[in-house]
>>> print(open('coords_10.cif').read())   # mmCIF, C-alpha atoms
data_final
#
loop_
_atom_site.label_atom_id
_atom_site.label_comp_id
_atom_site.auth_asym_id
_atom_site.auth_seq_id
_atom_site.Cartn_x
_atom_site.Cartn_y
_atom_site.Cartn_z
CA MET A 1 -16.46 17.37 8.60
CA GLU A 2 -20.27 17.77 8.53
CA ALA A 3 -20.49 17.00 12.24
CA LEU A 4 -17.81 19.60 12.97
CA ALA A 5 -19.71 22.18 10.91
CA VAL A 6 -22.87 21.48 12.89
CA ARG A 7 -21.06 21.87 16.21
CA LEU A 8 -19.49 25.18 15.09
CA SER A 9 -22.64 26.60 13.49
CA GLY A 10 -23.81 28.06 16.76
CA VAL A 11 -20.44 29.65 17.37
CA ASP A 12 -19.63 31.33 14.07
CA PRO A 13 -21.74 31.14 10.86
CA TYR A 14 -18.67 32.16 8.78
CA VAL A 15 -16.63 29.24 10.14
CA GLU A 16 -19.51 26.87 9.39
CA GLY A 17 -19.71 28.18 5.80
CA ALA A 18 -15.92 27.94 5.31
CA ILE A 19 -15.89 24.33 6.50
CA ARG A 20 -18.73 23.47 4.14
CA VAL A 21 -16.78 25.03 1.23
CA VAL A 22 -13.70 22.97 2.14
CA ALA A 23 -15.82 19.81 2.36
CA PHE A 24 -17.40 20.64 -1.03
CA TYR A 25 -13.99 20.71 -2.75
CA ASP A 26 -12.74 17.66 -0.87
CA THR A 27 -15.70 15.76 -2.35
CA LEU A 28 -14.95 17.02 -5.86
CA MET A 29 -11.31 15.91 -5.61
CA ARG A 30 -12.31 12.46 -4.33
CA ARG A 31 -14.51 12.13 -7.42
CA ARG A 32 -11.47 13.09 -9.59
CA VAL A 33 -13.39 15.62 -11.67
CA ASP A 34 -11.74 17.28 -14.66
CA LEU A 35 -11.16 21.01 -15.10
CA PRO A 36 -14.48 21.96 -16.82
CA ALA A 37 -16.49 20.03 -14.21
CA LEU A 38 -14.56 21.74 -11.43
CA ILE A 39 -15.34 25.21 -12.80
CA ARG A 40 -19.01 24.31 -13.37
CA ALA A 41 -19.35 23.14 -9.78
CA SER A 42 -17.63 26.30 -8.51
CA ALA A 43 -19.92 28.59 -10.51
CA GLY A 44 -22.95 26.74 -9.15
CA LEU A 45 -21.68 27.03 -5.58
CA ALA A 46 -20.84 30.73 -5.94
CA GLU A 47 -24.04 31.46 -7.92
CA CYS A 48 -22.09 33.68 -10.33
CA VAL A 49 -19.64 33.37 -13.22
CA ALA A 50 -16.42 31.54 -12.30
CA GLY A 51 -13.30 31.51 -14.47
CA VAL A 52 -9.86 29.98 -14.78
CA ARG A 53 -6.86 30.82 -16.95
CA LEU A 54 -3.72 28.70 -17.36
CA HIS A 55 -0.65 30.72 -18.35
CA GLY A 56 1.23 27.88 -20.04
CA THR A 57 -1.47 27.06 -22.59
CA GLY A 58 -3.47 30.28 -22.56
CA ARG A 59 -6.59 28.20 -21.88
CA VAL A 60 -9.52 30.16 -20.41
CA ILE A 61 -12.77 28.67 -19.08
CA ARG A 62 -15.70 30.86 -17.94
CA VAL A 63 -18.87 29.21 -16.69
CA GLY A 64 -22.13 30.78 -15.56
CA PRO A 65 -24.12 29.75 -12.48
CA ASP A 66 -26.43 27.67 -14.70
CA GLY A 67 -23.48 25.44 -15.67
CA GLY A 68 -23.27 26.68 -19.24
CA GLU A 69 -20.39 28.50 -20.88
CA ALA A 70 -20.52 32.22 -20.06
CA SER A 71 -21.32 33.93 -23.35
CA ALA A 72 -21.45 37.53 -22.12
CA PRO A 73 -18.23 39.58 -22.22
CA ALA A 74 -16.10 39.05 -19.15
CA ALA A 75 -16.91 41.41 -16.31
CA PRO A 76 -14.19 42.70 -13.98
CA ALA A 77 -13.26 40.06 -11.44
CA SER A 78 -14.85 40.71 -8.06
CA THR A 79 -12.34 38.35 -6.41
CA SER A 80 -9.35 36.47 -7.82
CA ALA A 81 -6.56 34.15 -6.65
CA PRO A 82 -3.35 32.77 -8.20
CA ILE A 83 -2.88 29.08 -8.98
CA THR A 84 0.51 27.81 -7.88
CA LEU A 85 2.20 24.50 -8.54
CA ASP A 86 5.72 23.64 -7.36
CA GLU A 87 6.06 27.24 -6.12
CA GLU A 88 5.39 28.63 -9.63
CA GLU A 89 2.31 30.63 -10.56
CA ILE A 90 0.66 28.73 -13.43
CA GLY A 91 -2.61 30.63 -13.74
CA SER A 92 -5.45 32.32 -11.91
CA VAL A 93 -9.06 31.77 -10.88
CA TRP A 94 -11.71 34.40 -10.33
CA LEU A 95 -15.37 35.17 -9.70
CA GLU A 96 -17.43 37.75 -11.56
CA ARG A 97 -19.97 38.55 -8.88
CA PRO A 98 -22.17 41.60 -9.44
CA GLY A 99 -22.32 43.77 -6.37
CA PRO A 100 -20.18 43.32 -3.25
CA PRO A 101 -18.18 40.08 -2.82
CA ASN A 102 -19.52 37.35 -0.58
CA PRO A 103 -17.46 36.93 2.63
CA LEU A 104 -16.81 33.30 1.63
CA ASP A 105 -15.55 34.12 -1.89
CA ALA A 106 -11.91 34.22 -0.76
CA VAL A 107 -12.25 30.77 0.84
CA LEU A 108 -13.95 29.39 -2.27
CA LEU A 109 -11.22 30.70 -4.59
CA ASP A 110 -8.46 29.46 -2.34
CA ARG A 111 -9.87 25.93 -2.48
CA LEU A 112 -10.61 26.23 -6.19
CA ALA A 113 -7.00 27.27 -6.91
CA LEU A 114 -5.70 24.27 -4.95
CA ALA A 115 -8.08 21.96 -6.79
CA VAL A 116 -7.12 23.32 -10.24
CA ALA A 117 -3.41 22.79 -9.46
CA ALA A 118 -4.16 19.19 -8.48
CA VAL A 119 -6.19 18.59 -11.65
CA VAL A 120 -3.50 20.08 -13.87
CA GLU A 121 -0.87 17.89 -12.25
CA ARG A 122 -3.04 14.77 -12.52
CA TYR A 123 -4.25 15.06 -16.13
CA GLY A 124 -1.07 15.43 -18.12
CA PRO A 125 2.40 16.71 -17.35
CA ALA A 126 2.42 19.65 -15.03
CA THR A 127 2.35 22.90 -16.94
CA THR A 128 5.03 24.53 -14.82
CA THR A 129 8.06 25.71 -16.73
CA MET A 130 10.70 24.90 -14.12
CA ALA A 131 11.77 21.26 -14.22
CA ASP A 132 13.90 18.86 -12.20
CA PRO A 133 17.53 19.73 -13.12
CA ALA A 134 18.46 16.04 -12.98
CA LEU A 135 15.92 15.19 -15.70
CA VAL A 136 17.04 18.11 -17.85
CA GLU A 137 20.67 17.05 -17.48
CA LEU A 138 19.74 13.54 -18.61
CA VAL A 139 18.13 14.99 -21.73
CA ILE A 140 21.11 17.13 -22.80
CA SER A 141 24.06 15.01 -21.64
CA SER A 142 26.14 13.31 -24.32
CA ASP A 143 26.73 10.43 -21.87
CA THR A 144 23.04 9.53 -21.68
CA ASP A 145 21.92 6.49 -23.67
CA GLU A 146 18.98 7.03 -25.99
CA ALA A 147 16.53 4.95 -23.93
CA ALA A 148 17.23 7.01 -20.80
CA ARG A 149 17.02 10.25 -22.81
CA ALA A 150 13.65 9.24 -24.27
CA ARG A 151 12.34 8.37 -20.81
CA ALA A 152 13.50 11.72 -19.39
CA LEU A 153 11.84 13.58 -22.25
CA ARG A 154 8.62 11.64 -21.68
CA LEU A 155 8.67 12.47 -17.96
CA LEU A 156 9.10 16.15 -18.85
CA GLY A 157 6.06 15.93 -21.15
CA PHE A 158 7.69 16.05 -24.59
CA ALA A 159 6.20 13.85 -27.33
CA ALA A 160 8.55 11.33 -28.91
CA ASP A 161 7.85 12.52 -32.47
CA LEU A 162 8.69 16.21 -31.89
CA PRO A 163 12.16 17.78 -32.03
CA VAL A 164 13.41 19.52 -28.91
CA ARG A 165 15.34 22.77 -29.29
CA VAL A 166 17.77 23.81 -26.58
CA LEU A 167 18.70 27.30 -25.40
CA ALA A 168 21.60 28.23 -23.14
CA VAL A 169 20.85 31.51 -21.38
CA ARG A 170 22.39 33.96 -18.96
CA SER A 171 20.09 36.53 -17.40
CA ARG A 172 18.90 38.03 -14.16
CA LEU A 173 15.32 37.35 -15.25
CA PRO A 174 13.63 34.21 -13.86
CA LEU A 175 14.04 31.21 -16.16
CA ASP A 176 10.31 30.43 -16.11
CA ARG A 177 9.54 33.89 -17.48
CA ILE A 178 12.09 33.51 -20.28
CA GLY A 179 10.73 30.08 -21.17
CA GLY A 180 7.15 31.31 -21.31
CA LEU A 181 8.13 34.14 -23.64
CA VAL A 182 10.24 32.24 -26.18
CA CYS A 183 7.64 29.54 -26.81
CA PRO A 184 4.18 30.83 -25.82
CA GLY A 185 1.31 28.37 -25.70
CA ARG A 186 3.56 25.31 -26.03
CA LEU A 187 5.42 23.02 -23.67
CA VAL A 188 8.61 24.57 -22.27
CA LYS A 189 10.87 23.24 -19.54
CA ALA A 190 13.78 25.04 -17.92
CA ALA A 191 16.35 24.43 -15.20
CA PRO A 192 19.56 26.03 -13.95
CA LEU A 193 22.66 23.97 -14.71
CA ALA A 194 26.11 25.00 -13.45
CA ASP A 195 26.71 28.55 -14.69
CA VAL A 196 23.86 28.82 -17.23
CA GLY A 197 20.14 28.25 -17.60
CA VAL A 198 18.80 25.51 -19.88
CA VAL A 199 15.53 25.96 -21.77
CA LEU A 200 13.96 23.04 -23.67
CA ALA A 201 11.23 23.81 -26.21
CA THR A 202 9.68 22.32 -29.33
CA ALA A 203 9.99 25.68 -31.09
CA VAL A 204 11.78 28.94 -30.34
CA ASP A 205 10.81 32.47 -31.36
CA ARG A 206 14.11 34.33 -31.01
CA ASP A 207 12.37 37.69 -31.50
CA ARG A 208 10.50 37.11 -28.23
CA ILE A 209 13.63 36.71 -26.10
CA PRO A 210 13.47 39.71 -23.75
CA ALA A 211 16.05 42.46 -23.58
CA GLY A 212 18.89 41.87 -21.17
CA VAL A 213 19.04 38.13 -21.88
CA ARG A 214 22.10 36.51 -23.45
CA ALA A 215 20.98 33.38 -25.31
CA GLY A 216 22.58 30.77 -27.52
CA ILE A 217 20.23 28.63 -29.62
CA GLY A 218 21.13 25.13 -30.78
CA ALA A 219 20.28 24.06 -34.32
CA ALA A 220 20.47 20.25 -34.07
CA GLU A 221 17.38 18.13 -33.46
CA SER A 222 19.19 15.82 -31.03
CA PRO A 223 19.01 17.48 -27.57
CA ASP A 224 22.59 16.61 -26.63
CA ARG A 225 24.01 18.09 -29.85
CA SER A 226 21.63 21.04 -29.63
CA TRP A 227 22.90 21.73 -26.08
CA ARG A 228 26.55 21.72 -27.22
CA GLU A 229 25.65 24.08 -30.05
CA ALA A 230 23.66 26.34 -27.71
CA ARG A 231 26.60 26.58 -25.29
CA THR A 232 28.91 27.46 -28.18
CA ALA A 233 26.50 30.06 -29.54
CA LEU A 234 26.17 31.61 -26.07
CA ARG A 235 29.93 32.21 -26.05
CA PHE A 236 29.60 34.32 -29.20
CA THR A 237 26.96 36.65 -27.75
CA SER A 238 27.75 40.27 -26.95
CA ALA A 239 25.98 43.44 -25.89
CA ARG A 240 25.58 44.26 -29.58
CA GLU A 241 24.35 40.76 -30.45
CA PRO A 242 22.79 39.21 -27.32
CA VAL A 243 21.09 36.31 -29.14
CA VAL A 244 23.07 34.00 -31.42
CA HIS A 245 21.76 30.98 -33.34
CA HIS A 246 24.41 28.33 -33.88
CA GLY A 247 23.26 27.86 -37.46
CA ASP A 248 24.18 31.48 -38.22
CA LEU A 249 27.79 31.10 -37.06
CA GLY A 250 28.98 29.00 -39.97
CA ALA A 251 32.78 28.76 -40.06
CA LEU A 252 33.04 31.15 -37.10
CA ALA A 253 32.01 28.25 -34.86
CA LEU A 254 35.44 26.72 -35.55
CA LEU A 255 37.00 29.46 -33.39
CA ALA A 256 35.37 27.90 -30.34
CA GLU A 257 37.48 24.77 -30.95
CA VAL A 258 40.80 26.63 -30.86
CA PRO A 259 42.74 25.85 -27.63
CA HIS A 260 42.74 28.78 -25.22
CA ASP A 261 46.53 28.99 -25.03
CA VAL A 262 46.78 29.19 -28.81
CA SER A 263 44.27 32.06 -28.94
CA ARG A 264 45.84 33.88 -26.00
CA ASP A 265 49.31 33.76 -27.57
CA ASN A 266 48.18 35.02 -30.98
CA THR A 267 49.64 38.45 -31.79
CA ASP A 268 46.37 39.97 -33.04
CA VAL A 269 44.34 38.64 -30.09
CA ALA A 270 46.90 39.93 -27.60
CA ALA A 271 46.91 43.35 -29.30
CA VAL A 272 43.10 43.58 -29.17
CA ALA A 273 43.16 42.52 -25.51
CA ARG A 274 45.38 45.52 -24.76
CA LEU A 275 42.68 47.79 -26.21
CA ALA A 276 40.45 46.80 -23.29
CA ASP A 277 42.21 49.52 -21.27
CA ASN A 278 40.37 52.01 -23.48
CA PRO A 279 36.71 50.89 -23.79
CA ASP A 280 35.93 53.59 -26.37
CA ASP A 281 38.58 52.20 -28.74
CA LEU A 282 37.29 48.67 -28.26
CA GLU A 283 33.70 49.75 -28.91
CA THR A 284 34.77 51.69 -32.02
CA LEU A 285 36.67 48.72 -33.44
CA ASP A 286 33.75 46.40 -32.71
CA ALA A 287 31.28 48.70 -34.50
CA TYR A 288 33.62 49.11 -37.47
CA CYS A 289 34.21 45.36 -37.82
CA ALA A 290 30.48 44.65 -37.48
CA THR A 291 29.52 47.10 -40.25
CA GLY A 292 32.63 47.33 -42.44
CA SER A 293 31.81 51.00 -42.98
CA LEU A 294 33.02 54.17 -41.28
CA ARG A 295 29.68 55.90 -41.80
CA GLN A 296 27.59 52.97 -40.52
CA ALA A 297 29.92 52.59 -37.53
CA ALA A 298 29.51 56.32 -36.85
CA ASP A 299 25.73 55.89 -36.90
CA LEU A 300 25.96 53.06 -34.37
CA LEU A 301 28.24 55.08 -32.13
CA HIS A 302 26.35 58.37 -32.61
CA LEU A 303 29.56 60.07 -33.73
CA HIS A 304 30.64 62.01 -36.81
CA HIS A 305 32.25 59.74 -39.39
CA SER A 306 35.42 61.85 -39.39
CA SER A 307 35.81 61.21 -35.66
CA VAL A 308 35.43 57.48 -36.24
CA ALA A 309 37.96 57.65 -39.10
CA ARG A 310 40.53 59.25 -36.81
CA ARG A 311 39.92 56.63 -34.12
CA ILE A 312 40.19 53.75 -36.59
CA GLY A 313 43.45 55.15 -37.92
CA GLN A 314 44.91 55.35 -34.42
CA ILE A 315 43.58 51.87 -33.51
CA GLY A 316 45.11 50.41 -36.67
CA ARG A 317 48.52 51.83 -35.76
CA THR A 318 48.20 50.46 -32.23
CA LEU A 319 47.31 46.99 -33.53
CA ASP A 320 49.80 47.19 -36.39
CA ILE A 321 46.96 46.20 -38.73
CA ASP A 322 45.83 48.12 -41.82
CA LEU A 323 42.11 48.33 -41.08
CA THR A 324 41.35 49.92 -44.45
CA THR A 325 41.98 46.62 -46.28
CA PRO A 326 39.63 43.60 -46.37
CA SER A 327 42.32 41.32 -44.92
CA GLY A 328 43.06 43.76 -42.10
CA LEU A 329 39.37 44.08 -41.27
CA ALA A 330 39.02 40.29 -41.24
CA ARG A 331 42.04 39.92 -38.93
CA ALA A 332 40.67 42.47 -36.48
CA GLY A 333 37.19 40.91 -36.55
CA LEU A 334 38.52 37.41 -35.85
CA ALA A 335 40.72 38.75 -33.05
CA LEU A 336 37.72 40.45 -31.45
CA VAL A 337 35.72 37.21 -31.53
CA ALA A 338 38.63 35.17 -30.18
CA ARG A 339 39.07 37.63 -27.30
CA ARG A 340 35.35 37.42 -26.53
CA LEU A 341 35.58 33.62 -26.36
CA LEU A 342 38.54 33.85 -24.01
CA GLU A 343 36.65 36.28 -21.77
CA ASP A 344 33.65 33.95 -21.67
CA CYS A 345 35.91 31.06 -20.73
CA SER A 346 37.46 33.08 -17.90
CA THR A 347 34.03 34.13 -16.61
CA THR A 348 32.76 30.55 -16.71
CA GLU A 349 35.80 29.19 -14.87
CA ALA A 350 35.51 31.91 -12.20
CA THR A 351 31.81 31.12 -11.69
CA ARG A 352 32.47 27.40 -11.38
CA SER A 353 35.29 28.00 -8.91
CA SER A 354 33.01 30.22 -6.81
CA VAL A 355 30.28 27.58 -6.83
CA SER A 356 32.77 24.86 -5.89
CA ARG A 357 34.12 26.91 -2.97
CA SER A 358 30.61 27.63 -1.67
CA ARG A 359 29.72 23.94 -1.81
CA ALA A 360 32.92 22.97 -0.04
CA ARG A 361 32.50 25.59 2.72
CA PRO A 362 31.41 24.07 6.07
CA SER A 363 27.80 24.85 6.93
CA GLY A 364 28.82 26.68 10.09
CA SER A 365 31.28 29.02 8.36
CA ALA A 366 30.53 32.66 7.67
#
>>> encode(input="coords_10.cif", output="structure tokens")
Amino acid sequence: MEALAVRLSGVDPYVEGAIRVVAFYDTLMRRRVDLPALIRASAGLAECVAGVRLHGTGRVIRVGPDGGEASAPAAPASTSAPITLDEEEIGSVWLERPGPPNPLDAVLLDRLALAVAAVVERYGPATTTMADPALVELVISSDTDEAARARALRLLGFAADLPVRVLAVRSRLPLDRIGGLVCPGRLVKAAPLADVGVVLATAVDRDRIPAGVRAGIGAAESPDRSWREARTALRFTSAREPVVHHGDLGALALLAEVPHDVSRDNTDVAAVARLADNPDDLETLDAYCATGSLRQAADLLHLHHSSVARRIGQIGRTLDIDLTTPSGLARAGLALVARRLLEDCSTTEATRSSVSRSRARPSGSA
């Protein structure tokens, strides 16, 4: 490399400098330096403050050109670059150079970002959120023996003495973004599995789950049981209640065990299903069952309570249920939940059938 730099020095000084930067970082990686040493060396080479931030842990290192920790407030980055690992952005590196950037700063940061990714991968489990789906499936499968489950958890980076919570999610948002939000600053792993996304975390802050995400949260400490609970809780989610914790379901969770044919043939469930032709009626009944009050339902629907009262009266006659009594309200509420579970089952089966057809389609077909 040095000989090549000498030969090219008379052709292009920039090329010579770039090659020397590459050789500098190749030497550091051969010496297997850790992250602080890597940033110190970079600050010395750049002769200005160099910094790194890792998204997964929130760790930030800023070092001055003298090799000491930069104590002055951070200046705006003169040049920056993302750190990527397994096609996921895990952090960023930057230089705080006063005045105009050096022409070689972009080369330096490119090599520094590559070096940081290698160091992160080498010294501890990779801090990327997305994980190998096969490992995640080993963790949550009820057919996995405990030794294989423990090994899969260890490979994913989870300590043996910590519980692992499981989320089942449906969303258009990237899984890595959801994982980073629900458990900031701690280890999170996620992977798509069949028709849902799986998120594994040692703790879950349900208030940080972003809008537009449907999520079921398992309560059990065993990952396989927590996964079953999370899948069940996901089935109970709705636009009004997009996040459901299995522990909050109580006896309602028993409805998920009712055979589909039994639910479909029930008179109340069939009557509620017919309301789907009029979305306003269905929304009114849902709000009324959720609150148990005409006035509170009117507030949710942004309607006058007398209008809601008229609708509820008409809906009750259509269902042949007296919605003004506690038993009638309970019947309607259970029928709504049972219908929601049936809809979720139909959606899941349709998704799986679509996936199966796409996998079976010959590669040359349109």
>>> resolve_selection(input="coords_10.cif", expression="the PyMOL selection byres ((chain A and resi 42) around 12)", output="MDAnalysis selection string")
chainID A and resid 21:22 24:25 28 33 35:41 43:52 61:67 93:96 105 107:113 115:116
>>> closest_residue(input="coords_10.cif", among="A:Arg30, A:Ala338, A:Pro103, A:Ala159", to="Asp265 in chain A", atoms="only C-alpha atoms")
A:Ala338
>>> closest_residue(input="coords_10.cif", among="A:Glu257, A:Asp205, A:Glu87, A:Asp320", to="Ala332 in chain A", atoms="only C-alpha atoms")
A:Asp320
>>> resolve_selection(input="coords_10.cif", expression="the PyMOL selection byres ((chain A and resi 157) around 12)", output="PyMOL selection string")
chain A and resi 121+123-129+131+135-136+150-156+158-162+164+186-189+200-202
>>> resolve_selection(input="coords_10.cif", expression="the PyMOL selection byres ((chain A and resi 247) around 12)", output="PyMOL selection string")
chain A and resi 216-220+226+229-230+232-233+244-246+248-253
>>> residues_around(input="coords_10.cif", residues="Ile312 in chain A", least_positions_apart="3", cutoff="10 Å", atoms="all atoms listed in the file", output="PDB file with C-alpha atoms, keeping the file's coordinate frame")
ATOM      1  CA  ASP A 281      38.580  52.200 -28.740  1.00  0.00           C
ATOM      2  CA  THR A 284      34.770  51.690 -32.020  1.00  0.00           C
ATOM      3  CA  LEU A 285      36.670  48.720 -33.440  1.00  0.00           C
ATOM      4  CA  TYR A 288      33.620  49.110 -37.470  1.00  0.00           C
ATOM      5  CA  LEU A 294      33.020  54.170 -41.280  1.00  0.00           C
ATOM      6  CA  SER A 306      35.420  61.850 -39.390  1.00  0.00           C
ATOM      7  CA  SER A 307      35.810  61.210 -35.660  1.00  0.00           C
ATOM      8  CA  VAL A 308      35.430  57.480 -36.240  1.00  0.00           C
ATOM      9  CA  ALA A 309      37.960  57.650 -39.100  1.00  0.00           C
ATOM     10  CA  ILE A 315      43.580  51.870 -33.510  1.00  0.00           C
ATOM     11  CA  GLY A 316      45.110  50.410 -36.670  1.00  0.00           C
ATOM     12  CA  ARG A 317      48.520  51.830 -35.760  1.00  0.00           C
ATOM     13  CA  THR A 318      48.200  50.460 -32.230  1.00  0.00           C
ATOM     14  CA  ASP A 322      45.830  48.120 -41.820  1.00  0.00           C
ATOM     15  CA  LEU A 323      42.110  48.330 -41.080  1.00  0.00           C
ATOM     16  CA  THR A 324      41.350  49.920 -44.450  1.00  0.00           C
TER      17      THR A 324
END
>>> residues_around(input="coords_10.cif", residues="Ala287 in chain A", least_positions_apart="6", cutoff="9 Å", atoms="all atoms listed in the file", output="list in words")
Arg240, Ser293, Leu294, Gln296, Ala297, Ala298, Leu300 and Leu301 of chain A
>>> atom_distance(input="coords_10.cif", atom1="CA of Ser71 in chain A", atom2="CA of Ser92 in chain A")
19.6 Å
>>> residues_around(input="coords_10.cif", residues="Arg149 in chain A", least_positions_apart="6", cutoff="10 Å", atoms="all atoms listed in the file", output="number ranges by chain")
A: 135-143, 155, 223-224
>>> write_last_selection(input="coords_10.cif", atoms="C-alpha atoms", output="PDB file, keeping the file's coordinate frame")
ATOM      1  CA  LEU A 135      15.920  15.190 -15.700  1.00  0.00           C
ATOM      2  CA  VAL A 136      17.040  18.110 -17.850  1.00  0.00           C
ATOM      3  CA  GLU A 137      20.670  17.050 -17.480  1.00  0.00           C
ATOM      4  CA  LEU A 138      19.740  13.540 -18.610  1.00  0.00           C
ATOM      5  CA  VAL A 139      18.130  14.990 -21.730  1.00  0.00           C
ATOM      6  CA  ILE A 140      21.110  17.130 -22.800  1.00  0.00           C
ATOM      7  CA  SER A 141      24.060  15.010 -21.640  1.00  0.00           C
ATOM      8  CA  SER A 142      26.140  13.310 -24.320  1.00  0.00           C
ATOM      9  CA  ASP A 143      26.730  10.430 -21.870  1.00  0.00           C
ATOM     10  CA  LEU A 155       8.670  12.470 -17.960  1.00  0.00           C
ATOM     11  CA  PRO A 223      19.010  17.480 -27.570  1.00  0.00           C
ATOM     12  CA  ASP A 224      22.590  16.610 -26.630  1.00  0.00           C
TER      13      ASP A 224
END
>>> atom_distance(input="coords_10.cif", atom1="CA of Arg214 in chain A", atom2="CA of Asp286 in chain A")
17.9 Å
>>> atom_distance(input="coords_10.cif", atom1="CA of Phe236 in chain A", atom2="CA of Val337 in chain A")
7.2 Å
>>> closest_residue(input="coords_10.cif", among="A:Glu241, A:Asp34, A:Asp277, A:Asp299", to="Val120 in chain A", atoms="all atoms listed in the file")
A:Asp34
>>> build_atoms(input="coords_10.cif", residues="range 215-232 of chain A", atoms="N, CA and C atoms", output="compact mmCIF listing (two decimals), in the coordinates of the input")
# COMPACT_ATOMS: atom_id res chain seq x y z
N ALA A 215 21.49 34.71 -24.99
CA ALA A 215 20.98 33.38 -25.31
C ALA A 215 21.68 32.80 -26.52
N GLY A 216 22.08 31.54 -26.40
CA GLY A 216 22.58 30.77 -27.52
C GLY A 216 21.57 29.71 -27.88
N ILE A 217 21.28 29.55 -29.16
CA ILE A 217 20.23 28.63 -29.62
C ILE A 217 20.87 27.52 -30.44
N GLY A 218 20.62 26.27 -30.03
CA GLY A 218 21.13 25.13 -30.78
C GLY A 218 20.31 24.86 -32.03
N ALA A 219 20.97 24.31 -33.05
CA ALA A 219 20.28 24.06 -34.32
C ALA A 219 19.94 22.59 -34.51
N ALA A 220 20.66 21.69 -33.86
CA ALA A 220 20.47 20.25 -34.07
C ALA A 220 19.16 19.78 -33.45
N GLU A 221 18.61 18.70 -34.01
CA GLU A 221 17.38 18.13 -33.46
C GLU A 221 17.66 17.24 -32.25
N SER A 222 18.83 16.63 -32.20
CA SER A 222 19.19 15.82 -31.03
C SER A 222 19.48 16.74 -29.85
N PRO A 223 18.83 16.55 -28.70
CA PRO A 223 19.01 17.48 -27.57
C PRO A 223 20.44 17.61 -27.10
N ASP A 224 21.21 16.51 -27.11
CA ASP A 224 22.59 16.61 -26.63
C ASP A 224 23.44 17.45 -27.57
N ARG A 225 23.28 17.26 -28.89
CA ARG A 225 24.01 18.09 -29.85
C ARG A 225 23.52 19.52 -29.82
N SER A 226 22.20 19.70 -29.68
CA SER A 226 21.63 21.04 -29.63
C SER A 226 22.16 21.80 -28.41
N TRP A 227 22.36 21.10 -27.28
CA TRP A 227 22.90 21.73 -26.08
C TRP A 227 24.35 22.18 -26.31
N ARG A 228 25.17 21.33 -26.94
CA ARG A 228 26.55 21.72 -27.22
C ARG A 228 26.58 22.94 -28.14
N GLU A 229 25.71 22.94 -29.14
CA GLU A 229 25.65 24.08 -30.05
C GLU A 229 25.17 25.34 -29.33
N ALA A 230 24.18 25.18 -28.45
CA ALA A 230 23.66 26.34 -27.71
C ALA A 230 24.73 26.94 -26.82
N ARG A 231 25.52 26.09 -26.14
CA ARG A 231 26.60 26.58 -25.29
C ARG A 231 27.64 27.34 -26.13
N THR A 232 27.94 26.78 -27.30
CA THR A 232 28.91 27.46 -28.18
C THR A 232 28.36 28.80 -28.64
